[in-house]
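Read through the structure below, which is laid out as structure tokens, and then see the notes.
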Amino acid sequence: MTHILEGIRTVSVRNPILPGFNPDPSIVRRGTDYYIATSTFEWFPGVQIHHSTDLVNWKLIGHALGEEHIDLRGIPASGGVWAPCLTVDPTNDRFYLVYSVMKSQVAEVFDVDNYVTWSDSIDGPWSKPMYVNSLGFDSSLFHDDDGTKWLVTLEWETRPGHEHPGWIVAQQFDPTTGNVSAPIRIHHGTTDRGAMEAPHLYKHDGRYFLMTAEGGTGFGHGVCLARSEHVLGPYESDPLSPFITSQPEPYFGRNYRDFLRPERFNPDSPLQKAGHGSLVESADGHWYVAHLSSRVVPGTELSILGRETSIQPVQWTEDGWLRLTSGGDLALEIVDVASRTSSADSSLDIISDFLDDIPVHFSVPRGPIHHSWCQPTPRGLLLRGRDSLHSRFDVSLVATRLRGFVATAETVLEFEPTHFSQAAGLTVFYDHLNFLFARVSYSEVWQSQTIALVRARSQLAVDEVLVEMPISSGGVRLRAALVDGQARFQWRSGDEAQSWRSLGESVDTTFMSDEAIHGFTGQFVGVAVVDAVARRQGALISHFSLTYSA
């Protein structure tokens, strides 16, 4: 809905603006173009880049990181690329991207490397990454008025007896060499919620502002602010912190290690987990914070879509702090955005026959995509089987984010397995330990192809075959109706005239939620092929669609 508010033409926008797994947003403007970079974790390519000219309609235009920037083979679930920071150097309009690669979180001793890459175009090519540090994660880059550049990072604390997770540290960064100075501790928390992370530095009216996330990346999350006359502090805490949250009730959480904090779930909040924010000034002088948020399956406290990106209009107060223009501190689902457009495009559907290309919305675990196993053709996508879906290495899975609670997935495939270790089909996938796989395979018992629904859950030692039956050879169509955390699979032969047949009973998918798994991603839907015999049996995928209902 478009209307006039105090002389400003505005559009009502429904959050999240980037639905589905799109966490840790970093928003930036160059001219009249806006860009948001989000985390991709173990999914490849790395760092999704969304573009908008109006702050209302956003389009995924590509990814920043390819195989020359990251190696994700073997990366654990919810490891990989964390918290990118996208900025523009005001002296030359060059884009800079800072990102973390989380390699291990064993015993809470995080093994992580941080890098900086740059490009004169958002479309790339992006430079060879410059390694900067490994002392923590969520690094970001600040371009000061005098030309100096500062890298700010959460210094991850591992020592017993010291407050977890640690300090925010600053290092001067030399973009010509990639060198950084020794880290200087500048801030130890704006609130007592603890679990501080996601530092971003800004400058406004001559003062430095440090925006952080506090309260864990779960139900106690919030966006906080502190300010200083000097870049290295000391920093004064905003008296209203967090100024954006899903849980306004104050609480003490320092050194509390459960990042989900389920006891902080607020049933009155339209958006959950609001936090991890970044700030942008629009071309017409308005201010906005893009932030992480989440939606739960109706009637539950479970997030199957992962952490998403929302936006909140903010304004500077007379005493020099940021506040929601709507008042209060609760992140809102419906917000008014000053914009040149008259409406928002709400279509989320993904439909492809893979004719000579793979649409930008598709990703693969740990990648990269290579023509030796994933080849678009004039007839569809030729996908050659490799490791099982449990592998952290070479998995032939092409998938897209689930972005709504009510959706229908459908695919058409041709596959001729000759061994029970060969399979192809449709999957609802969270990670290598948690997925549903409706797959075509072969059984020497029946001496024929079979169709089955398989469930993998991390708490079980072996996969569960929920239903399996013999089928005749030939093309197969598979469908999954996804409704509020339930999935009902169906199948039929390639003959369009044949009616759909059920593949078992409805299956609960909420075991694939951030809360159940303690993960950081969300559900994907896609097609997969496995060949544990010789790594060469292929399936032709001639159609895939994921369409949404209101």
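Just so we're on the same page: first chain in the structure tokens is A, next is B, and so on; residues restart at 1 for each chain, and ligands are numbered from 1 in the order they show up.
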*Find the residues near stretch 490-494 of chain A: any atom within 6 Å, counting only C-alpha atoms, skip ones fewer than 3 places away on the same chain, and give them as a PyMOL selection string.*
chain A and resi 475-479+500-503
*Pull the strand (DSSP E) assignments for stretch 16-265 of chain A out of DSSP run on the backbone, and list those residues as a PyMOL selection string.*
chain A and resi 26-30+33-38+43-44+46-52+59-65+80-89+94-104+111-119+130-133+136-143+149-155+168-173+184-187+197-204+207-214+222-228+236-237+244-245
Can you list, as a CSV table (one decimal) with N, CA and C atoms, in the first residue's frame, all residues belonging to stretch 403-547 of chain A that DSSP tags as alpha helix (DSSP H)?
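Result file follows (part.csv):
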```csv
chain,number,residue,atom,x,y,z
A,514,ASP,N,16.2,-24.8,13.0
A,514,ASP,CA,17.4,-24.3,13.7
A,514,ASP,C,17.4,-24.7,15.1
A,515,GLU,N,16.2,-24.7,15.8
A,515,GLU,CA,16.1,-25.0,17.2
A,515,GLU,C,16.4,-26.5,17.5
A,516,ALA,N,15.8,-27.4,16.6
A,516,ALA,CA,16.0,-28.8,16.9
A,516,ALA,C,17.4,-29.2,16.6
A,517,ILE,N,18.1,-28.6,15.7
A,517,ILE,CA,19.4,-29.0,15.2
A,517,ILE,C,20.5,-28.1,15.9
```
So which residues touch A:Phe354 within 7 Å, counting only C-alpha atoms, skipping near sequence neighbours fewer than 2 positions away, as a PDB file with N, CA, C and O atoms, in the first residue's frame?
```pdb
ATOM      1  N   SER A 352      12.108 -23.842 -13.221  1.00  0.00           N
ATOM      2  CA  SER A 352      13.183 -23.961 -14.204  1.00  0.00           C
ATOM      3  C   SER A 352      13.151 -25.324 -14.863  1.00  0.00           C
ATOM      4  O   SER A 352      12.869 -26.345 -14.218  1.00  0.00           O
ATOM      5  N   ASP A 356      20.135 -25.089 -20.502  1.00  0.00           N
ATOM      6  CA  ASP A 356      21.410 -24.400 -20.757  1.00  0.00           C
ATOM      7  C   ASP A 356      21.885 -23.498 -19.630  1.00  0.00           C
ATOM      8  O   ASP A 356      22.905 -22.824 -19.781  1.00  0.00           O
ATOM      9  N   ASP A 357      21.166 -23.447 -18.493  1.00  0.00           N
ATOM     10  CA  ASP A 357      21.697 -22.676 -17.382  1.00  0.00           C
ATOM     11  C   ASP A 357      21.114 -23.178 -16.068  1.00  0.00           C
ATOM     12  O   ASP A 357      20.146 -23.941 -16.042  1.00  0.00           O
ATOM     13  N   ILE A 358      21.753 -22.760 -14.968  1.00  0.00           N
ATOM     14  CA  ILE A 358      21.268 -23.034 -13.615  1.00  0.00           C
ATOM     15  C   ILE A 358      20.927 -21.687 -13.001  1.00  0.00           C
ATOM     16  O   ILE A 358      21.811 -20.847 -12.809  1.00  0.00           O
ATOM     17  N   PRO A 376      24.017 -28.364 -17.422  1.00  0.00           N
ATOM     18  CA  PRO A 376      22.781 -27.992 -18.125  1.00  0.00           C
ATOM     19  C   PRO A 376      22.887 -28.381 -19.594  1.00  0.00           C
ATOM     20  O   PRO A 376      23.933 -28.207 -20.228  1.00  0.00           O
ATOM     21  N   GLY A 380      17.623 -30.476 -20.311  1.00  0.00           N
ATOM     22  CA  GLY A 380      17.500 -30.343 -18.873  1.00  0.00           C
ATOM     23  C   GLY A 380      18.850 -30.469 -18.207  1.00  0.00           C
ATOM     24  O   GLY A 380      19.905 -30.390 -18.849  1.00  0.00           O
ATOM     25  N   LEU A 381      18.832 -30.685 -16.898  1.00  0.00           N
ATOM     26  CA  LEU A 381      20.066 -30.749 -16.115  1.00  0.00           C
ATOM     27  C   LEU A 381      20.532 -32.193 -15.996  1.00  0.00           C
ATOM     28  O   LEU A 381      19.822 -33.048 -15.454  1.00  0.00           O
ATOM     29  N   SER A 542      14.470 -32.665 -15.992  1.00  0.00           N
ATOM     30  CA  SER A 542      13.909 -31.823 -17.057  1.00  0.00           C
ATOM     31  C   SER A 542      12.958 -30.758 -16.531  1.00  0.00           C
ATOM     32  O   SER A 542      12.492 -29.922 -17.311  1.00  0.00           O
TER      33      SER A 542
END
```
Sorted per-residue table, stretch 45-88 of chain A near stretch 12-34 of chain A, closest atoms and distance, 12 Å, only C-alpha atoms, as a Markdown table:
```
| residue | atom | partner | partner_atom | distance |
| --- | --- | --- | --- | --- |
| A:Gly46 | CA | A:Asn22 | CA | 11.9 |
| A:Val47 | CA | A:Asn22 | CA | 9.5 |
| A:Gln48 | CA | A:Asn22 | CA | 8.0 |
| A:Ile49 | CA | A:Ser26 | CA | 9.7 |
| A:His50 | CA | A:Tyr34 | CA | 8.2 |
| A:His51 | CA | A:Tyr34 | CA | 5.7 |
| A:Ser52 | CA | A:Tyr34 | CA | 5.1 |
| A:Thr53 | CA | A:Asp33 | CA | 4.9 |
| A:Asp54 | CA | A:Tyr34 | CA | 7.8 |
| A:Leu55 | CA | A:Tyr34 | CA | 7.1 |
| A:Val56 | CA | A:Val13 | CA | 6.5 |
| A:Asn57 | CA | A:Ile17 | CA | 7.9 |
| A:Trp58 | CA | A:Ile17 | CA | 7.3 |
| A:Lys59 | CA | A:Leu18 | CA | 9.0 |
| A:Leu60 | CA | A:Leu18 | CA | 9.3 |
| A:Ile61 | CA | A:Tyr34 | CA | 11.8 |
| A:Ser78 | CA | A:Phe21 | CA | 11.8 |
| A:Val81 | CA | A:Asp24 | CA | 10.9 |
| A:Trp82 | CA | A:Asp24 | CA | 8.0 |
| A:Ala83 | CA | A:Asp24 | CA | 5.3 |
| A:Pro84 | CA | A:Ser26 | CA | 6.7 |
| A:Cys85 | CA | A:Ser26 | CA | 5.4 |
| A:Leu86 | CA | A:Ser26 | CA | 5.8 |
| A:Thr87 | CA | A:Val28 | CA | 6.0 |
| A:Val88 | CA | A:Arg30 | CA | 7.0 |
```
Residues of stretch 209-304 of chain A at most 7 Å from stretch 179-189 of chain A: nearest atom pair and distance in Å, only C-alpha atoms, as a tab-separated table:
```
residue	atom	partner	partner_atom	distance
A:Leu232	CA	A:Ile186	CA	5.7
A:Gly233	CA	A:Ile186	CA	5.8
A:Pro234	CA	A:Ile186	CA	6.7
A:Tyr235	CA	A:His187	CA	6.7
```
Keeping only all heavy atoms, write those residues as a PDB file, in the first residue's frame.
```pdb
ATOM      1  N   LEU A 232      38.745   4.683  18.557  1.00  0.00           N
ATOM      2  CA  LEU A 232      39.178   3.617  19.460  1.00  0.00           C
ATOM      3  C   LEU A 232      38.549   3.739  20.852  1.00  0.00           C
ATOM      4  O   LEU A 232      38.947   3.058  21.777  1.00  0.00           O
ATOM      5  CB  LEU A 232      40.702   3.603  19.569  1.00  0.00           C
ATOM      6  CG  LEU A 232      41.443   3.299  18.256  1.00  0.00           C
ATOM      7  CD1 LEU A 232      42.949   3.319  18.473  1.00  0.00           C
ATOM      8  CD2 LEU A 232      41.015   1.945  17.684  1.00  0.00           C
ATOM      9  N   GLY A 233      37.546   4.615  20.971  1.00  0.00           N
ATOM     10  CA  GLY A 233      36.820   4.724  22.223  1.00  0.00           C
ATOM     11  C   GLY A 233      37.427   5.737  23.166  1.00  0.00           C
ATOM     12  O   GLY A 233      38.326   6.494  22.790  1.00  0.00           O
ATOM     13  N   PRO A 234      36.893   5.788  24.400  1.00  0.00           N
ATOM     14  CA  PRO A 234      35.899   4.864  24.985  1.00  0.00           C
ATOM     15  C   PRO A 234      34.494   5.086  24.423  1.00  0.00           C
ATOM     16  O   PRO A 234      34.148   6.192  24.015  1.00  0.00           O
ATOM     17  CB  PRO A 234      35.947   5.209  26.470  1.00  0.00           C
ATOM     18  CG  PRO A 234      36.350   6.657  26.492  1.00  0.00           C
ATOM     19  CD  PRO A 234      37.311   6.833  25.353  1.00  0.00           C
ATOM     20  N   TYR A 235      33.694   4.001  24.423  1.00  0.00           N
ATOM     21  CA  TYR A 235      32.349   4.036  23.861  1.00  0.00           C
ATOM     22  C   TYR A 235      31.291   4.122  24.957  1.00  0.00           C
ATOM     23  O   TYR A 235      31.335   3.381  25.937  1.00  0.00           O
ATOM     24  CB  TYR A 235      32.112   2.806  22.977  1.00  0.00           C
ATOM     25  CG  TYR A 235      32.713   2.991  21.604  1.00  0.00           C
ATOM     26  CD1 TYR A 235      34.040   2.662  21.356  1.00  0.00           C
ATOM     27  CD2 TYR A 235      31.962   3.527  20.566  1.00  0.00           C
ATOM     28  CE1 TYR A 235      34.602   2.860  20.097  1.00  0.00           C
ATOM     29  CE2 TYR A 235      32.503   3.728  19.303  1.00  0.00           C
ATOM     30  CZ  TYR A 235      33.830   3.400  19.075  1.00  0.00           C
ATOM     31  OH  TYR A 235      34.371   3.615  17.837  1.00  0.00           O
TER      32      TYR A 235
END
```
With only C-alpha atoms counted and 8 Å as the cut-off, give the residues of stretch 467-539 of chain A in contact with stretch 307-319 of chain A, each with its shortest interatomic distance in Å and the pair that gives it, as CSV.
```
residue,atom,partner,partner_atom,distance
A:Phe520,CA,A:Arg307,CA,7.3
A:Thr521,CA,A:Arg307,CA,6.9
A:Gly522,CA,A:Arg307,CA,7.2
```
Keeping only all heavy atoms, write the selected residues as an mmCIF file, in the first residue's frame.
```cif
data_model
loop_
_atom_site.group_PDB
_atom_site.id
_atom_site.type_symbol
_atom_site.label_atom_id
_atom_site.label_comp_id
_atom_site.auth_asym_id
_atom_site.auth_seq_id
_atom_site.Cartn_x
_atom_site.Cartn_y
_atom_site.Cartn_z
ATOM 1 N N PHE A 520 22.380 -23.066 11.872
ATOM 2 C CA PHE A 520 22.337 -21.663 11.480
ATOM 3 C C PHE A 520 21.783 -21.440 10.078
ATOM 4 O O PHE A 520 21.884 -20.338 9.555
ATOM 5 C CB PHE A 520 23.746 -21.059 11.535
ATOM 6 C CG PHE A 520 24.340 -20.976 12.907
ATOM 7 C CD1 PHE A 520 25.619 -21.447 13.146
ATOM 8 C CD2 PHE A 520 23.622 -20.433 13.959
ATOM 9 C CE1 PHE A 520 26.181 -21.360 14.415
ATOM 10 C CE2 PHE A 520 24.178 -20.345 15.236
ATOM 11 C CZ PHE A 520 25.454 -20.806 15.459
ATOM 12 N N THR A 521 21.259 -22.463 9.446
ATOM 13 C CA THR A 521 20.882 -22.307 8.039
ATOM 14 C C THR A 521 19.367 -22.295 7.870
ATOM 15 O O THR A 521 18.729 -21.299 8.110
ATOM 16 C CB THR A 521 21.567 -23.378 7.182
ATOM 17 O OG1 THR A 521 21.276 -24.683 7.704
ATOM 18 C CG2 THR A 521 23.076 -23.182 7.171
ATOM 19 N N GLY A 522 18.768 -23.406 7.466
ATOM 20 C CA GLY A 522 17.341 -23.468 7.185
ATOM 21 C C GLY A 522 17.116 -24.512 6.111
ATOM 22 O O GLY A 522 18.060 -25.069 5.543
#
```
_For a test of reading the model, state the distance in Å between atom CA of A:Gly124 and atom CA of A:Val152, rounded to one decimal._
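Atom CA of A:Val152 lies at a distance of 24.3 Å from atom CA of A:Gly124.
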*With distances taken over only C-alpha atoms, which of A:Gly538, A:Pro45, A:Gly277, A:Gly519 is nearest to A:Leu382?*
A:Gly538
*asked:* I'd like the neighbourhood of A:Pro199 as a ChimeraX atom specification, where a residue qualifies if any of its atoms comes within 10 Å (using only C-alpha atoms), though same-chain residues fewer than 3 positions away should be ignored.
replied: /A:85,137-141,151-154,168-170,187,196,210-214,224-225,276-278
*Neighbours of A:Ala539 within 6 Å (only C-alpha atoms; same-chain residues fewer than 6 positions away dropped), as a PyMOL selection string?*
chain A and resi 382-383+414-415
Using N, CA, C and O atoms, can you write the selected residues to a file as a PDB file, in the first residue's frame?
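For reference, result-v6.pdb as written:
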```
ATOM      1  N   LEU A 382      21.738 -32.471 -16.503  1.00  0.00           N
ATOM      2  CA  LEU A 382      22.349 -33.787 -16.342  1.00  0.00           C
ATOM      3  C   LEU A 382      23.154 -33.773 -15.058  1.00  0.00           C
ATOM      4  O   LEU A 382      24.168 -33.075 -14.950  1.00  0.00           O
ATOM      5  N   LEU A 383      22.667 -34.518 -14.079  1.00  0.00           N
ATOM      6  CA  LEU A 383      23.267 -34.534 -12.751  1.00  0.00           C
ATOM      7  C   LEU A 383      23.841 -35.923 -12.497  1.00  0.00           C
ATOM      8  O   LEU A 383      23.095 -36.908 -12.437  1.00  0.00           O
ATOM      9  N   GLU A 414      14.574 -38.517 -15.339  1.00  0.00           N
ATOM     10  CA  GLU A 414      14.820 -39.791 -16.000  1.00  0.00           C
ATOM     11  C   GLU A 414      16.073 -40.390 -15.386  1.00  0.00           C
ATOM     12  O   GLU A 414      17.124 -39.741 -15.340  1.00  0.00           O
ATOM     13  N   PHE A 415      15.954 -41.657 -14.931  1.00  0.00           N
ATOM     14  CA  PHE A 415      17.055 -42.266 -14.193  1.00  0.00           C
ATOM     15  C   PHE A 415      16.965 -43.769 -14.375  1.00  0.00           C
ATOM     16  O   PHE A 415      15.877 -44.349 -14.297  1.00  0.00           O
TER      17      PHE A 415
END
```
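Of note, atom CA of A:Gly474 and atom CA of A:Glu416 are spaced 7.7 Å apart.
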*Name all residues at most 9 Å from A:Gly367 (count only C-alpha atoms; drop same-chain ones fewer than 2 positions away) and give them as a PyMOL selection string.*
chain A and resi 42-45+66-67+71-73+363-365+369-370+393-395
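What separates atom CA of A:Ser347 from atom CA of A:Leu302 is a distance of 24.2 Å.
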For stretch 309-376 of chain A versus stretch 264-269 of chain A, which residues have an atom no more than 9 Å away, and what is each residue's nearest atom pair and distance in Å rounded to one decimal, using only C-alpha atoms, chain-then-number order, as a tab-separated table?
```
residue	atom	partner	partner_atom	distance
A:Leu330	CA	A:Ser269	CA	7.3
A:Ala331	CA	A:Ser269	CA	7.7
A:Leu332	CA	A:Ser269	CA	8.0
A:Glu333	CA	A:Ser269	CA	8.8
```
